[in-house]
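Some notes on the structure that comes next.
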Amino acid sequence: MGVLLEVDQIDVFYGRIQALRGVSLHVDEGEIVTLIGANGAGKTTTLRAISGLTPASSGSIRIRGQDITRTQAEDIVTKGIGHAPEGRRIFARMSVRENLDLGAYIRRDGETRSDMERIYTLFPRLKERQAQLAGTLSGGEQQMLCIGRAMMSRPKVLLLDEPSLGLAPLMVDTIFQVIREINAEGTTILLIEQNALKALGVAARGYVLETGRIVKEGPSKQLMESPDVQKAYLGI
C-alpha cells in the first residue's frame with residue numbers, strides 16, 4: 001500500500017516558542033499509526049499542523065502526494081482529513097443529530113443519510129440520543145459523537161487526539177474496539193493516545209515524540225519491546 005499522509009520536516013511555533021522541530025512521519029493507506037509521548041511533547045500540535053489549525057512554518061504536509069501545507073483548515077477537510085480533537089469540542093447546545101450533520105457540511109454527494117446510519121451502527125447510544133442536546137451526554141458519549149462527527153466528512157485519514165482521555169476503563173475498551181472497526185472498514189488512522197499500551201496494541205507502527213522531535217519509530221511490537229519505551233511510557 002502506498003503512502004497516504006506524509007509529514008516532512010515540519011517546524012511549528014507558538015509565538016517565539018518552537019513546539020515542533022523537524023518532525024517527519026508517514027501513514028500508509030489502511031494503517032493505524034500512533035504517536036506517543038509525554039504531555040507537552042508536541043503530539044497535539046502535530047495533528048493541529050496536519051489539519052491546518054496551527055500551520056507549520058517550514059517543511060511540508062502531503063496527502064496522496066498533494067501538498068496541503070499552506071491550505072486553510074476549512075479546505076483541508078475537503079482533501080480528506082478528519083480530526084476528532086482533544087477535549088471533544090462538540091457543540092453542546094445542539095442535538096446529537098445536528099452535530100453529526102455539521103460533520104458532513106462539505107458533502108454534496110447525497111449519501112450522508114447512509115453514513116449517518118453507519119455512525120449509529122458503530123455507536124448505538126448516539127442513535128438512542130439523537131434528539132438530545134450534546135452537552136447533556138456523558139463523557140464517553142461525547143467522545144463517540146466527536147469521532148462520529150469527524151467520520152461524517154468521509155475522511156481518507158482520521159486524526160484521533162486522546163480518544164480515551166477521562167473515560168472509564170469499560171468505555172475505553174469500547175472506543176478502541178470502534179477504532180479497530182473503523183479501520184477495518186477502510187479508514188486510515190493517525191492516533192494520539194496517552195495510554196501508550198492501548199495505542200501500540202491497536203496500531204501497526206508508532207512514533208515516539210519528545211520535546212518536539214521524533215526520537216524513535218518502528219513497528220508497534222518493536223516499540224513495546226524497547227526498554228526505553230517500556231520505562232518511559234508503559235510502566236514496565
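Chain labels follow the order of the C-alpha cells: the first chain is A, the next B, and so on; residue numbering restarts at 1 in every chain, and ligands are counted from 1 in their shown order.
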Selection near segment 160-177 of chain A, 6 Å with only C-alpha atoms, sequence-local residues under 2 positions removed, as a short mmCIF file (atom, residue, chain, number, x, y, z; two decimals) with N, CA, C and O atoms, in the first residue's frame:
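What follows is the written file out-v3.cif:
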```cif
data_model
loop_
_atom_site.label_atom_id
_atom_site.label_comp_id
_atom_site.auth_asym_id
_atom_site.auth_seq_id
_atom_site.Cartn_x
_atom_site.Cartn_y
_atom_site.Cartn_z
N ALA A 84 -10.75 14.45 15.06
CA ALA A 84 -11.51 14.37 16.32
C ALA A 84 -10.59 14.92 17.40
O ALA A 84 -9.70 14.22 17.88
N PRO A 85 -10.76 16.18 17.80
CA PRO A 85 -9.76 16.86 18.61
C PRO A 85 -9.77 16.45 20.08
O PRO A 85 -10.75 15.91 20.59
N GLU A 86 -8.67 16.77 20.75
CA GLU A 86 -8.60 16.60 22.20
C GLU A 86 -9.66 17.49 22.85
O GLU A 86 -9.89 18.62 22.42
N ILE A 179 -12.44 1.93 17.07
CA ILE A 179 -11.30 2.34 16.26
C ILE A 179 -10.87 1.20 15.33
O ILE A 179 -10.61 1.41 14.14
N ARG A 180 -10.83 -0.01 15.87
CA ARG A 180 -10.49 -1.17 15.04
C ARG A 180 -11.51 -1.37 13.92
O ARG A 180 -11.15 -1.67 12.78
N LEU A 191 -3.28 8.16 15.34
CA LEU A 191 -3.81 8.17 16.69
C LEU A 191 -2.81 8.73 17.69
O LEU A 191 -1.65 8.31 17.73
N ILE A 192 -3.28 9.68 18.49
CA ILE A 192 -2.55 10.14 19.67
C ILE A 192 -3.27 9.59 20.88
O ILE A 192 -4.50 9.68 20.98
N GLU A 193 -2.51 9.02 21.81
CA GLU A 193 -3.16 8.38 22.95
C GLU A 193 -2.20 8.33 24.14
O GLU A 193 -1.07 7.84 23.99
#
```
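Pairwise distance (atom CA of Val208 of chain A, atom CA of Ile182 of chain A) equals 23.8 Å.
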* For Ala38 of chain A: contacts at 12 Å, only C-alpha atoms, fewer than 6 positions along chain excluded, given as an MDAnalysis selection string -> chainID A and resid 44 192:196 208:213 229 232:234
* Taking the chain letters and numbering used in this document, name the residues of segment 82-209 of chain A that DSSP puts in strand (DSSP E or B), as number ranges by chain. => A: 82-84, 95, 133, 157-161, 188-192, 205-209
* **Minimum-distance residue to Asp11 of chain A, chosen among A:Leu158, A:Ser60, A:Gly37, A:Gly30 (using only C-alpha atoms)** => A:Ser60
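Using only C-alpha atoms, the smallest distance between any of A:Lys156, A:Ala131, A:Tyr120, A:Val202 and Met144 of chain A comes from A:Tyr120.
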* Asked: atom CA of Leu133 of chain A and atom CA of Arg93 of chain A are how many Å apart?
  -> 5.8 Å
* All residues 12 Å or closer to Arg89 of chain A, only C-alpha atoms, same chain fewer than 4 positions away omitted, as a VMD selection string -> chain A and resid 83 to 85 93 99 134 to 135 139 142 to 147 149 to 150 161
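Among the candidate residues A:Ile61, A:Leu126, A:Val27, A:Val33, the one lying nearest to Glu141 of chain A is A:Leu126, with distances computed using only C-alpha atoms.
Proximity ranking of A:Ala204, A:Ala184, A:Leu137, A:Ala41 relative to Arg88 of chain A places A:Leu137 first, based on only C-alpha atoms.
Candidate residues A:Ala56, A:Val7, A:Ile189, A:Ile76 were compared for distance to Glu31 of chain A, and the nearest is A:Ile189, using only C-alpha atoms.
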* Excluding Lys221 of chain A and residues on its chain fewer than 4 positions from it, collect all residues at most 10 Å away from it, counting only C-alpha atoms, and give them as a list in words. => Leu200, Gly201, Ala203, Ala204, Arg205, Gly206, Glu225 and Ser226 of chain A
With C-alpha atoms retained, export the selected residues as an mmCIF file, in the first residue's frame.
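Saved as part_28.cif:
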```
data_model
loop_
_atom_site.group_PDB
_atom_site.id
_atom_site.type_symbol
_atom_site.label_atom_id
_atom_site.label_comp_id
_atom_site.auth_asym_id
_atom_site.auth_seq_id
_atom_site.Cartn_x
_atom_site.Cartn_y
_atom_site.Cartn_z
ATOM 1 C CA LEU A 200 0.562 0.330 20.457
ATOM 2 C CA GLY A 201 -1.814 -2.598 20.849
ATOM 3 C CA ALA A 203 -1.528 0.344 15.797
ATOM 4 C CA ALA A 204 0.719 -1.273 13.221
ATOM 5 C CA ARG A 205 3.515 1.253 13.729
ATOM 6 C CA GLY A 206 4.384 4.043 16.102
ATOM 7 C CA GLU A 225 9.834 -4.400 23.493
ATOM 8 C CA SER A 226 12.101 -1.341 23.713
#
```
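Distances from A:Ala92, A:Leu47, A:Val77, A:Met152 to Arg113 of chain A were compared using only C-alpha atoms, and the smallest one belongs to A:Met152.
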* **alpha helix (DSSP H) per DSSP on the backbone: members of segment 85-165 of chain A, as a PyMOL selection string** => chain A and resi 96-103+112-122+124-128+139-151
Kindly save the residues from that selection, with C-alpha atoms included, as a compact mmCIF listing (two decimals), in the first residue's frame.
```txt
# COMPACT_ATOMS: atom_id res chain seq x y z
CA VAL A 96 -26.55 14.83 18.60
CA ARG A 97 -28.09 14.70 15.12
CA GLU A 98 -27.24 18.34 14.42
CA ASN A 99 -23.61 17.76 15.45
CA LEU A 100 -23.37 14.85 13.04
CA ASP A 101 -25.00 16.88 10.27
CA LEU A 102 -22.35 19.58 10.77
CA GLY A 103 -19.66 16.96 10.27
CA THR A 112 -25.00 11.45 4.14
CA ARG A 113 -28.05 9.52 5.35
CA SER A 114 -26.32 6.17 4.82
CA ASP A 115 -23.22 7.47 6.59
CA MET A 116 -25.37 8.66 9.48
CA GLU A 117 -26.76 5.13 9.80
CA ARG A 118 -23.22 3.79 9.73
CA ILE A 119 -22.33 6.05 12.68
CA TYR A 120 -25.44 4.88 14.53
CA THR A 121 -24.39 1.27 13.90
CA LEU A 122 -20.93 1.95 15.31
CA PRO A 124 -25.92 2.68 19.01
CA ARG A 125 -26.08 5.00 22.01
CA LEU A 126 -25.93 8.02 19.70
CA LYS A 127 -28.97 6.78 17.83
CA GLU A 128 -30.85 6.44 21.11
CA GLY A 139 -18.04 11.94 28.62
CA GLY A 140 -17.95 8.63 26.75
CA GLU A 141 -20.98 9.53 24.67
CA GLN A 142 -19.44 12.90 23.80
CA GLN A 143 -16.30 11.11 22.63
CA MET A 144 -18.43 8.85 20.44
CA LEU A 145 -20.09 11.95 18.99
CA CYS A 146 -16.73 13.63 18.38
CA ILE A 147 -15.47 10.62 16.42
CA GLY A 148 -18.80 10.22 14.61
CA ARG A 149 -18.82 13.87 13.58
CA ALA A 150 -15.31 13.56 12.12
CA MET A 151 -16.34 10.41 10.25
```
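Pairwise distance (atom CA of Val23 of chain A, atom CA of Leu190 of chain A) equals 14.6 Å.
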* Asked: Could you name the residues that touch Asp28 of chain A at 6 Å or less, counting only C-alpha atoms, but leaving out those on the same chain fewer than 3 positions away, as an MDAnalysis selection string?
  -> chainID A and resid 2:4 31
Save the residues we just selected, N, CA and C atoms, as a PDB file, in the first residue's frame?
```pdb
ATOM      1  N   GLY A   2       0.430   2.269  -0.692  1.00  0.00           N
ATOM      2  CA  GLY A   2       1.220   3.481  -0.811  1.00  0.00           C
ATOM      3  C   GLY A   2       1.035   4.423   0.369  1.00  0.00           C
ATOM      4  N   VAL A   3       1.899   5.423   0.401  1.00  0.00           N
ATOM      5  CA  VAL A   3       1.825   6.440   1.448  1.00  0.00           C
ATOM      6  C   VAL A   3       0.600   7.315   1.205  1.00  0.00           C
ATOM      7  N   LEU A   4      -0.224   7.463   2.224  1.00  0.00           N
ATOM      8  CA  LEU A   4      -1.412   8.312   2.115  1.00  0.00           C
ATOM      9  C   LEU A   4      -1.143   9.698   2.686  1.00  0.00           C
ATOM     10  N   GLU A  31      -3.505   1.886   7.258  1.00  0.00           N
ATOM     11  CA  GLU A  31      -2.807   1.680   8.526  1.00  0.00           C
ATOM     12  C   GLU A  31      -3.498   2.376   9.696  1.00  0.00           C
TER      13      GLU A  31
END
```
